[in-house]
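This is data_4.pdb. It holds PDB, C-alpha atoms.
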ATOM      1  CA  MET A   1      79.653  41.773  41.521
ATOM      2  CA  SER A   2      80.529  38.377  42.989
ATOM      3  CA  LYS A   3      77.974  35.609  43.328
ATOM      4  CA  ASN A   4      78.212  35.889  47.096
ATOM      5  CA  ALA A   5      77.544  39.613  47.022
ATOM      6  CA  SER A   6      74.705  39.266  44.531
ATOM      7  CA  PHE A   7      72.648  37.361  47.116
ATOM      8  CA  GLN A   8      72.628  40.520  49.234
ATOM      9  CA  ARG A   9      69.923  43.162  48.999
ATOM     10  CA  PRO A  10      70.673  46.040  46.625
ATOM     11  CA  PRO A  11      71.303  49.487  48.135
ATOM     12  CA  GLY A  12      68.129  51.083  49.461
ATOM     13  CA  ALA A  13      66.081  47.893  49.354
ATOM     14  CA  ARG A  14      64.195  46.675  52.414
ATOM     15  CA  ALA A  15      63.436  43.105  53.414
ATOM     16  CA  TYR A  16      60.269  42.728  55.443
ATOM     17  CA  ALA A  17      57.058  40.747  55.854
ATOM     18  CA  LEU A  18      54.313  42.170  53.630
ATOM     19  CA  ARG A  19      51.031  41.941  55.526
ATOM     20  CA  THR A  20      48.081  40.907  53.376
ATOM     21  CA  ALA A  21      44.544  39.630  53.825
ATOM     22  CA  ARG A  22      45.944  36.124  53.277
ATOM     23  CA  GLY A  23      48.877  36.302  55.672
ATOM     24  CA  GLU A  24      52.418  37.620  55.600
ATOM     25  CA  PHE A  25      54.866  37.163  52.724
ATOM     26  CA  ALA A  26      58.601  37.832  52.767
ATOM     27  CA  VAL A  27      59.571  40.498  50.245
ATOM     28  CA  VAL A  28      62.518  42.535  49.067
ATOM     29  CA  ASP A  29      61.182  45.987  48.231
ATOM     30  CA  SER A  30      63.451  48.258  46.182
ATOM     31  CA  PRO A  31      62.400  51.911  45.827
ATOM     32  CA  VAL A  32      62.829  54.220  42.863
ATOM     33  CA  ALA A  33      66.332  55.702  42.714
ATOM     34  CA  ASP A  34      66.889  59.128  44.250
ATOM     35  CA  GLY A  35      66.153  61.950  41.846
ATOM     36  CA  VAL A  36      64.273  59.711  39.388
ATOM     37  CA  GLU A  37      60.612  60.247  38.585
ATOM     38  CA  ALA A  38      58.464  57.357  39.832
ATOM     39  CA  ARG A  39      56.817  55.514  36.948
ATOM     40  CA  GLY A  40      55.237  52.481  38.578
ATOM     41  CA  VAL A  41      55.475  49.416  40.779
ATOM     42  CA  ALA A  42      56.357  45.860  39.749
ATOM     43  CA  LEU A  43      55.531  42.656  41.631
ATOM     44  CA  LEU A  44      58.007  39.855  40.855
ATOM     45  CA  LEU A  45      57.134  36.159  41.373
ATOM     46  CA  PRO A  46      59.924  33.533  41.418
ATOM     47  CA  GLY A  47      59.922  30.073  39.884
ATOM     48  CA  PHE A  48      60.064  26.472  41.100
ATOM     49  CA  THR A  49      62.702  25.997  43.836
ATOM     50  CA  GLY A  50      63.445  29.724  43.519
ATOM     51  CA  SER A  51      62.971  32.737  45.779
ATOM     52  CA  LYS A  52      62.745  36.510  45.791
ATOM     53  CA  GLU A  53      66.564  36.646  45.642
ATOM     54  CA  ASP A  54      66.429  35.496  42.011
ATOM     55  CA  PHE A  55      65.500  39.094  41.110
ATOM     56  CA  THR A  56      68.314  40.725  43.104
ATOM     57  CA  LEU A  57      70.217  41.929  40.042
ATOM     58  CA  LEU A  58      67.116  43.531  38.484
ATOM     59  CA  HIS A  59      66.309  45.914  41.332
ATOM     60  CA  GLU A  60      68.952  48.602  40.749
ATOM     61  CA  PRO A  61      68.497  48.982  36.981
ATOM     62  CA  LEU A  62      64.707  49.047  37.406
ATOM     63  CA  ALA A  63      65.046  51.681  40.159
ATOM     64  CA  ALA A  64      67.150  53.799  37.808
ATOM     65  CA  ARG A  65      64.301  53.706  35.273
ATOM     66  CA  GLY A  66      61.714  54.843  37.838
ATOM     67  CA  TYR A  67      60.244  51.526  38.908
ATOM     68  CA  ARG A  68      59.813  50.298  42.445
ATOM     69  CA  SER A  69      60.223  46.515  42.373
ATOM     70  CA  VAL A  70      58.863  44.142  45.004
ATOM     71  CA  ALA A  71      60.113  40.542  44.817
ATOM     72  CA  VAL A  72      58.177  38.051  46.909
ATOM     73  CA  ASP A  73      58.593  34.559  48.320
ATOM     74  CA  GLY A  74      55.336  32.762  47.645
ATOM     75  CA  ARG A  75      53.576  30.707  50.270
ATOM     76  CA  GLY A  76      55.988  28.040  51.555
ATOM     77  CA  GLN A  77      58.944  29.444  49.590
ATOM     78  CA  PHE A  78      62.139  30.246  51.521
ATOM     79  CA  GLU A  79      61.177  32.930  54.075
ATOM     80  CA  SER A  80      57.386  32.876  53.604
ATOM     81  CA  ASP A  81      55.634  30.440  55.895
ATOM     82  CA  GLY A  82      53.316  27.660  54.821
ATOM     83  CA  PRO A  83      52.287  24.115  55.748
ATOM     84  CA  ALA A  84      55.068  21.530  55.542
ATOM     85  CA  GLU A  85      52.795  18.599  54.625
ATOM     86  CA  ASP A  86      49.384  19.893  53.493
ATOM     87  CA  GLN A  87      49.667  20.102  49.714
ATOM     88  CA  SER A  88      46.148  21.497  49.318
ATOM     89  CA  ALA A  89      47.436  24.829  50.620
ATOM     90  CA  TYR A  90      49.536  25.087  47.445
ATOM     91  CA  ALA A  91      46.806  24.481  44.876
ATOM     92  CA  GLN A  92      47.310  26.876  41.990
ATOM     93  CA  GLU A  93      44.164  28.874  42.768
ATOM     94  CA  GLU A  94      45.310  29.324  46.375
ATOM     95  CA  LEU A  95      48.664  30.661  45.214
ATOM     96  CA  ALA A  96      46.937  32.906  42.662
ATOM     97  CA  ARG A  97      44.717  34.382  45.378
ATOM     98  CA  ASP A  98      47.872  35.050  47.399
ATOM     99  CA  VAL A  99      49.156  37.138  44.473
ATOM    100  CA  LEU A 100      45.932  39.131  44.358
ATOM    101  CA  ALA A 101      46.307  39.791  48.094
ATOM    102  CA  GLN A 102      49.937  40.858  47.652
ATOM    103  CA  ALA A 103      48.977  43.301  44.911
ATOM    104  CA  ALA A 104      46.173  44.704  47.076
ATOM    105  CA  ALA A 105      48.577  45.187  49.985
ATOM    106  CA  LEU A 106      50.876  47.302  47.797
ATOM    107  CA  GLY A 107      48.022  49.750  47.365
ATOM    108  CA  THR A 108      48.371  50.440  43.656
ATOM    109  CA  ARG A 109      47.993  48.674  40.317
ATOM    110  CA  VAL A 110      51.203  46.809  39.568
ATOM    111  CA  HIS A 111      53.121  45.417  36.642
ATOM    112  CA  LEU A 112      53.105  41.656  37.300
ATOM    113  CA  VAL A 113      56.142  39.548  36.370
ATOM    114  CA  GLY A 114      56.259  35.780  36.813
ATOM    115  CA  HIS A 115      59.353  33.668  36.182
ATOM    116  CA  SER A 116      58.770  30.037  35.138
ATOM    117  CA  LEU A 117      56.332  28.537  37.686
ATOM    118  CA  GLY A 118      55.733  32.092  38.857
ATOM    119  CA  GLY A 119      54.457  32.922  35.380
ATOM    120  CA  GLN A 120      51.812  30.235  35.534
ATOM    121  CA  ILE A 121      50.741  31.407  38.989
ATOM    122  CA  ALA A 122      50.661  34.986  37.656
ATOM    123  CA  ARG A 123      48.514  33.859  34.744
ATOM    124  CA  ALA A 124      46.084  32.167  37.128
ATOM    125  CA  ALA A 125      45.875  35.359  39.204
ATOM    126  CA  VAL A 126      45.146  37.504  36.145
ATOM    127  CA  LEU A 127      42.442  35.068  35.033
ATOM    128  CA  LEU A 128      40.794  35.356  38.456
ATOM    129  CA  ASP A 129      40.909  39.169  38.469
ATOM    130  CA  HIS A 130      42.956  41.352  36.141
ATOM    131  CA  SER A 131      41.979  44.669  37.730
ATOM    132  CA  PRO A 132      44.969  44.938  40.157
ATOM    133  CA  PHE A 133      47.441  44.747  37.277
ATOM    134  CA  ARG A 134      48.759  47.180  34.681
ATOM    135  CA  SER A 135      50.490  44.487  32.613
ATOM    136  CA  LEU A 136      51.661  40.870  32.709
ATOM    137  CA  THR A 137      55.146  39.653  31.782
ATOM    138  CA  LEU A 138      55.667  35.912  31.441
ATOM    139  CA  MET A 139      59.408  35.337  31.862
ATOM    140  CA  SER A 140      60.608  31.938  30.634
ATOM    141  CA  SER A 141      57.127  30.611  31.362
ATOM    142  CA  GLY A 142      55.338  28.622  28.719
ATOM    143  CA  PRO A 143      51.803  27.904  27.576
ATOM    144  CA  ALA A 144      51.260  24.535  29.254
ATOM    145  CA  GLN A 145      53.199  21.715  30.927
ATOM    146  CA  ILE A 146      56.992  21.653  31.044
ATOM    147  CA  SER A 147      59.115  19.614  28.631
ATOM    148  CA  ASP A 148      59.400  15.829  28.971
ATOM    149  CA  ASP A 149      63.012  16.094  30.157
ATOM    150  CA  GLN A 150      62.068  18.558  32.866
ATOM    151  CA  GLN A 151      59.123  16.408  33.911
ATOM    152  CA  GLU A 152      61.586  13.578  34.506
ATOM    153  CA  ARG A 153      63.750  15.845  36.653
ATOM    154  CA  VAL A 154      60.760  16.987  38.682
ATOM    155  CA  LYS A 155      59.773  13.337  39.159
ATOM    156  CA  LEU A 156      63.264  12.589  40.531
ATOM    157  CA  LEU A 157      62.826  15.341  43.067
ATOM    158  CA  ARG A 158      59.320  14.313  44.061
ATOM    159  CA  ASP A 159      60.398  10.678  44.484
ATOM    160  CA  ALA A 160      63.271  11.771  46.698
ATOM    161  CA  LEU A 161      61.052  14.020  48.821
ATOM    162  CA  ALA A 162      58.676  11.115  49.397
ATOM    163  CA  VAL A 163      61.311   9.139  51.305
ATOM    164  CA  MET A 164      63.934  11.658  52.468
ATOM    165  CA  ALA A 165      64.126  14.794  54.582
ATOM    166  CA  MET A 166      64.971  18.109  52.925
ATOM    167  CA  ASP A 167      68.559  18.113  54.212
ATOM    168  CA  GLU A 168      69.057  14.552  52.951
ATOM    169  CA  VAL A 169      67.688  15.493  49.540
ATOM    170  CA  TRP A 170      70.104  18.432  49.413
ATOM    171  CA  VAL A 171      73.081  16.113  50.022
ATOM    172  CA  ALA A 172      71.813  13.669  47.398
ATOM    173  CA  ILE A 173      71.355  16.439  44.847
ATOM    174  CA  GLN A 174      74.937  17.643  45.340
ATOM    175  CA  THR A 175      76.318  14.172  44.592
ATOM    176  CA  MET A 176      74.222  13.629  41.457
ATOM    177  CA  GLY A 177      75.411  16.558  39.368
ATOM    178  CA  PRO A 178      74.350  20.147  38.691
ATOM    179  CA  PRO A 179      71.231  20.620  40.863
ATOM    180  CA  GLU A 180      69.136  22.167  38.114
ATOM    181  CA  GLU A 181      69.741  19.044  36.010
ATOM    182  CA  VAL A 182      68.506  16.551  38.605
ATOM    183  CA  GLY A 183      65.353  18.248  39.808
ATOM    184  CA  GLY A 184      67.147  20.287  42.416
ATOM    185  CA  PRO A 185      67.291  23.985  43.221
ATOM    186  CA  ALA A 186      67.226  26.420  40.347
ATOM    187  CA  ARG A 187      70.406  28.313  39.635
ATOM    188  CA  GLY A 188      70.455  31.661  41.338
ATOM    189  CA  PRO A 189      72.712  34.176  43.012
ATOM    190  CA  GLY A 190      74.485  33.184  46.189
ATOM    191  CA  ASP A 191      77.048  30.648  47.354
ATOM    192  CA  GLN A 192      76.222  27.058  48.260
ATOM    193  CA  ALA A 193      75.602  27.884  51.921
ATOM    194  CA  ARG A 194      73.000  30.500  51.010
ATOM    195  CA  LEU A 195      71.371  28.264  48.420
ATOM    196  CA  ARG A 196      71.217  25.432  50.969
ATOM    197  CA  ARG A 197      69.544  27.771  53.457
ATOM    198  CA  ARG A 198      66.978  28.722  50.811
ATOM    199  CA  TRP A 199      66.391  25.054  50.021
ATOM    200  CA  LEU A 200      65.876  24.111  53.666
ATOM    201  CA  GLY A 201      63.504  27.041  54.156
ATOM    202  CA  THR A 202      61.162  25.859  51.417
ATOM    203  CA  LYS A 203      58.331  23.561  52.496
ATOM    204  CA  PRO A 204      58.284  20.017  51.028
ATOM    205  CA  ALA A 205      54.548  20.247  50.365
ATOM    206  CA  GLN A 206      55.113  23.366  48.270
ATOM    207  CA  LEU A 207      57.661  21.576  46.097
ATOM    208  CA  LEU A 208      55.493  18.471  45.714
ATOM    209  CA  ALA A 209      52.337  20.404  44.832
ATOM    210  CA  THR A 210      53.894  22.937  42.470
ATOM    211  CA  GLY A 211      56.084  20.296  40.837
ATOM    212  CA  ARG A 212      52.928  18.360  40.004
ATOM    213  CA  GLN A 213      51.311  21.523  38.647
ATOM    214  CA  LEU A 214      54.201  22.076  36.247
ATOM    215  CA  CYS A 215      53.749  18.581  34.847
ATOM    216  CA  VAL A 216      49.989  18.816  34.214
ATOM    217  CA  GLU A 217      49.339  22.520  33.486
ATOM    218  CA  PRO A 218      46.845  22.912  30.608
ATOM    219  CA  ASP A 219      47.144  25.410  27.783
ATOM    220  CA  ARG A 220      45.197  28.504  28.865
ATOM    221  CA  VAL A 221      46.594  30.930  26.306
ATOM    222  CA  ALA A 222      43.284  31.537  24.515
ATOM    223  CA  GLU A 223      41.632  32.279  27.850
ATOM    224  CA  LEU A 224      44.400  34.695  28.781
ATOM    225  CA  ALA A 225      44.312  36.415  25.381
ATOM    226  CA  ALA A 226      40.738  37.496  26.106
ATOM    227  CA  VAL A 227      41.889  39.518  29.134
ATOM    228  CA  PRO A 228      42.279  43.263  28.389
ATOM    229  CA  LEU A 229      45.890  43.664  29.563
ATOM    230  CA  PRO A 230      49.186  44.336  27.775
ATOM    231  CA  PHE A 231      51.278  41.148  27.650
ATOM    232  CA  HIS A 232      55.014  40.566  27.356
ATOM    233  CA  VAL A 233      56.718  37.218  26.733
ATOM    234  CA  LEU A 234      60.400  37.379  27.683
ATOM    235  CA  SER A 235      62.935  34.552  27.603
ATOM    236  CA  GLY A 236      66.522  33.657  26.988
ATOM    237  CA  ALA A 237      67.728  32.499  23.598
ATOM    238  CA  PHE A 238      67.694  28.884  24.845
ATOM    239  CA  ASP A 239      65.288  27.216  27.230
ATOM    240  CA  ASP A 240      65.055  23.528  28.092
ATOM    241  CA  THR A 241      61.934  23.922  30.231
ATOM    242  CA  TRP A 242      59.707  25.301  27.460
ATOM    243  CA  PRO A 243      61.212  25.318  23.942
ATOM    244  CA  VAL A 244      61.739  28.831  22.594
ATOM    245  CA  PRO A 245      59.497  28.180  19.529
ATOM    246  CA  ASP A 246      56.649  27.402  21.948
ATOM    247  CA  LEU A 247      57.255  30.744  23.665
ATOM    248  CA  ASP A 248      57.318  32.489  20.262
ATOM    249  CA  ASP A 249      53.981  30.910  19.375
ATOM    250  CA  MET A 250      52.470  31.837  22.727
ATOM    251  CA  ALA A 251      53.464  35.459  22.205
ATOM    252  CA  LEU A 252      51.745  35.481  18.811
ATOM    253  CA  ARG A 253      48.580  33.973  20.262
ATOM    254  CA  LEU A 254      48.556  36.584  23.029
ATOM    255  CA  GLY A 255      49.370  39.507  20.767
ATOM    256  CA  ALA A 256      52.225  40.088  23.199
ATOM    257  CA  ARG A 257      55.509  41.928  22.970
ATOM    258  CA  ARG A 258      58.250  39.334  22.499
ATOM    259  CA  THR A 259      61.758  39.745  23.917
ATOM    260  CA  VAL A 260      64.575  37.225  23.486
ATOM    261  CA  VAL A 261      67.590  38.034  25.658
ATOM    262  CA  ALA A 262      70.775  37.027  23.850
ATOM    263  CA  GLY A 263      73.192  34.945  25.894
ATOM    264  CA  ALA A 264      70.560  33.953  28.448
ATOM    265  CA  GLU A 265      68.908  30.611  29.127
ATOM    266  CA  HIS A 266      65.993  29.784  31.466
ATOM    267  CA  SER A 267      66.808  32.571  33.934
ATOM    268  CA  PRO A 268      67.520  35.808  32.041
ATOM    269  CA  ASN A 269      66.996  37.648  35.332
ATOM    270  CA  THR A 270      70.266  36.123  36.603
ATOM    271  CA  ASP A 271      72.012  35.270  33.318
ATOM    272  CA  ARG A 272      71.694  38.739  31.724
ATOM    273  CA  PRO A 273      70.071  41.074  34.256
ATOM    274  CA  LEU A 274      70.832  44.408  32.587
ATOM    275  CA  PRO A 275      69.234  43.697  29.191
ATOM    276  CA  THR A 276      66.406  41.907  30.988
ATOM    277  CA  ALA A 277      65.710  44.939  33.176
ATOM    278  CA  ARG A 278      65.943  47.217  30.159
ATOM    279  CA  ALA A 279      63.389  45.122  28.255
ATOM    280  CA  LEU A 280      61.000  45.152  31.214
ATOM    281  CA  ALA A 281      61.268  48.903  31.728
ATOM    282  CA  ASP A 282      60.908  49.629  27.999
ATOM    283  CA  PHE A 283      57.699  47.582  27.942
ATOM    284  CA  TRP A 284      56.314  49.304  31.024
ATOM    285  CA  ASP A 285      57.193  52.719  29.648
ATOM    286  CA  ASP A 286      55.223  51.931  26.511
ATOM    287  CA  VAL A 287      52.281  50.690  28.558
ATOM    288  CA  ALA A 288      52.268  53.934  30.550
ATOM    289  CA  GLY A 289      52.596  55.973  27.381
TER     290      GLY A 289
END
As structure tokens, how would this structure be written, given the file I've shared?
Amino acid sequence: MSKNASFQRPPGARAYALRTARGEFAVVDSPVADGVEARGVALLLPGFTGSKEDFTLLHEPLAARGYRSVAVDGRGQFESDGPAEDQSAYAQEELARDVLAQAAALGTRVHLVGHSLGGQIARAAVLLDHSPFRSLTLMSSGPAQISDDQQERVKLLRDALAVMAMDEVWVAIQTMGPPEEVGGPARGPGDQARLRRRWLGTKPAQLLATGRQLCVEPDRVAELAAVPLPFHVLSGAFDDTWPVPDLDDMALRLGARRTVVAGAEHSPNTDRPLPTARALADFWDDVAG
């Protein structure tokens, strides 16, 4: 599948606005494959500068294993609306309560998956109320703040957003090098035109507020470990946002299943989608069993 094609919805998936008690959120909702017994529902939260499209390549293999998967743009991300300037709307607790509302709107307990920033928002949601969830998978999402190098990259982006419009920042990012190395958009499926459209759809206040969160997030692993849910820590074999040994240690502290996807880096969902989907479904099968 080409990168251009991979930005498209998988067969059978629907894109729509999920209505919740906290507003509408853009989702891609992929049903269980025809003829396959339904085994559960997964809610997928993207990372910093990401979107629901980052999970595009997971939908079909998860559907084949019996799992409906619903990928969501969080408040102010891509196709979900949010304030352009009011950063208080993107406080971590606000975003966590959005996740609880999304789960409630799906009408069943869900397997929660958060990639990177999405993992820390997922953790905050579980700590507020774990009852809507059957399990929690933290995908390339570490125990506390991001690495020093990544903090510098986020600072570059925040400094640029303070003085430039989103389209100007996009142009600047393209001239500085690979976007993910200069605080720009995360790698994901789609050509440059589609990635630019995603970038321009995201609210500056969302990027400023969540970028700050990533740089100051405390270690809440002990608090999370006290929650009676099955946990899964999944990552690539290399990660420059949270070192892999830190993810290994977090998994031990949580008593979590640990999966390392060979050949993948910070985004195993796009780097190696098939083994990533297999690891998720295997974990969920065991939870159900």
Do you have the CA of Gly118 (chain A)-CA of Val36 (chain A) distance handy? 28.9 Å
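Compared by their closest atoms to Cys215 (chain A), and using only C-alpha atoms, the residues A:Ala160, A:Ala38, A:Met166, A:Ala144 rank with A:Ala144 nearest.
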Would you compute an axis-aligned box for region 263-280 of chain A, covering every atom listed for it in the file with 6 Å of margin on each side, and report centre and edge lengths in Å to one decimal as JSON?
{"center_x": 67.1, "center_y": 38.5, "center_z": 31.2, "size_x": 24.2, "size_y": 29.4, "size_z": 22.7}
One number please: CA of His266 (chain A) to CA of Ser235 (chain A), in Å, one decimal.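 That distance, rounded to one decimal, is 6.9 Å.
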Given all atoms listed in the file as the basis, pick out the residue of A:Gly119, A:Gly255, A:Gly23, A:Pro11 nearest to Ala226 (chain A).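 Of all the options, A:Gly255 lies closest to Ala226 (chain A).
Put simply, CA of Thr108 (chain A) is 10.0 Å away from CA of Ala42 (chain A).
The nearest approach to Pro46 (chain A) among the residues A:Gly142, A:Pro31, A:Pro273, A:Gly114, with only C-alpha atoms taken into account, belongs to A:Gly114.
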Spatial neighbours of region 51-60 of chain A, 6 Å, all atoms listed in the file, chain gap at least 5 places, as a ChimeraX atom specification: /A:46,71-73,188,273,277
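When all atoms listed in the file are used to compute distances to Ala103 (chain A), the closest of the residues A:Leu127, A:Thr49, A:Leu43, A:Ala162 turns out to be A:Leu43.
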With all atoms listed in the file as the counted atoms, please give the residues lying no more than 7 Å from Leu117 (chain A), apart from itself and same-chain residues fewer than 4 positions off, as a ChimeraX atom specification. /A:47-48,121,141,214
Apply the PyMOL selection byres ((chain A and resi 112) around 7) to the file shown and report the selected residues as number ranges by chain. A: 42-44, 110-111, 113-114, 133, 135-137
Identify which of the residues A:Ser131, A:Thr241, A:Gln77, A:Gln206 lies closest to Asp149 (chain A), counting all atoms listed in the file when measuring atom-to-atom distances.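 The closest residue to Asp149 (chain A) is A:Thr241.
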The PyMOL selection byres ((chain A and resi 12) around 9) - which residues does that actually catch in the file I just gave you? List them as JSON, numbers by chain. {"A": [9, 10, 11, 13, 14, 29, 30, 31, 33]}
Non-local contacts of region 145-147 of chain A (8 Å; only C-alpha atoms; under 3 positions in same chain excluded) as a list in words: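 The filter keeps Gly142, Gln150, Gln151, Gln213, Leu214, Cys215, Val216, Glu217, Pro218, Asp219, Asp240, Thr241, Trp242 and Pro243 of chain A.
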Distance table requested - region 128-170 of chain A against region 78-101 of chain A, cut-off 8 Å, all atoms listed in the file: one row per qualifying residue with the closest atom pair and its distance in Å to one decimal, ordered by chain and rising residue number, as a tab-separated table.
residue	atom	partner	partner_atom	distance
A:Leu128	CA	A:Ala96	CA	7.8
A:Asp129	CA	A:Leu100	CA	7.7
A:Pro132	CA	A:Leu100	CA	7.2
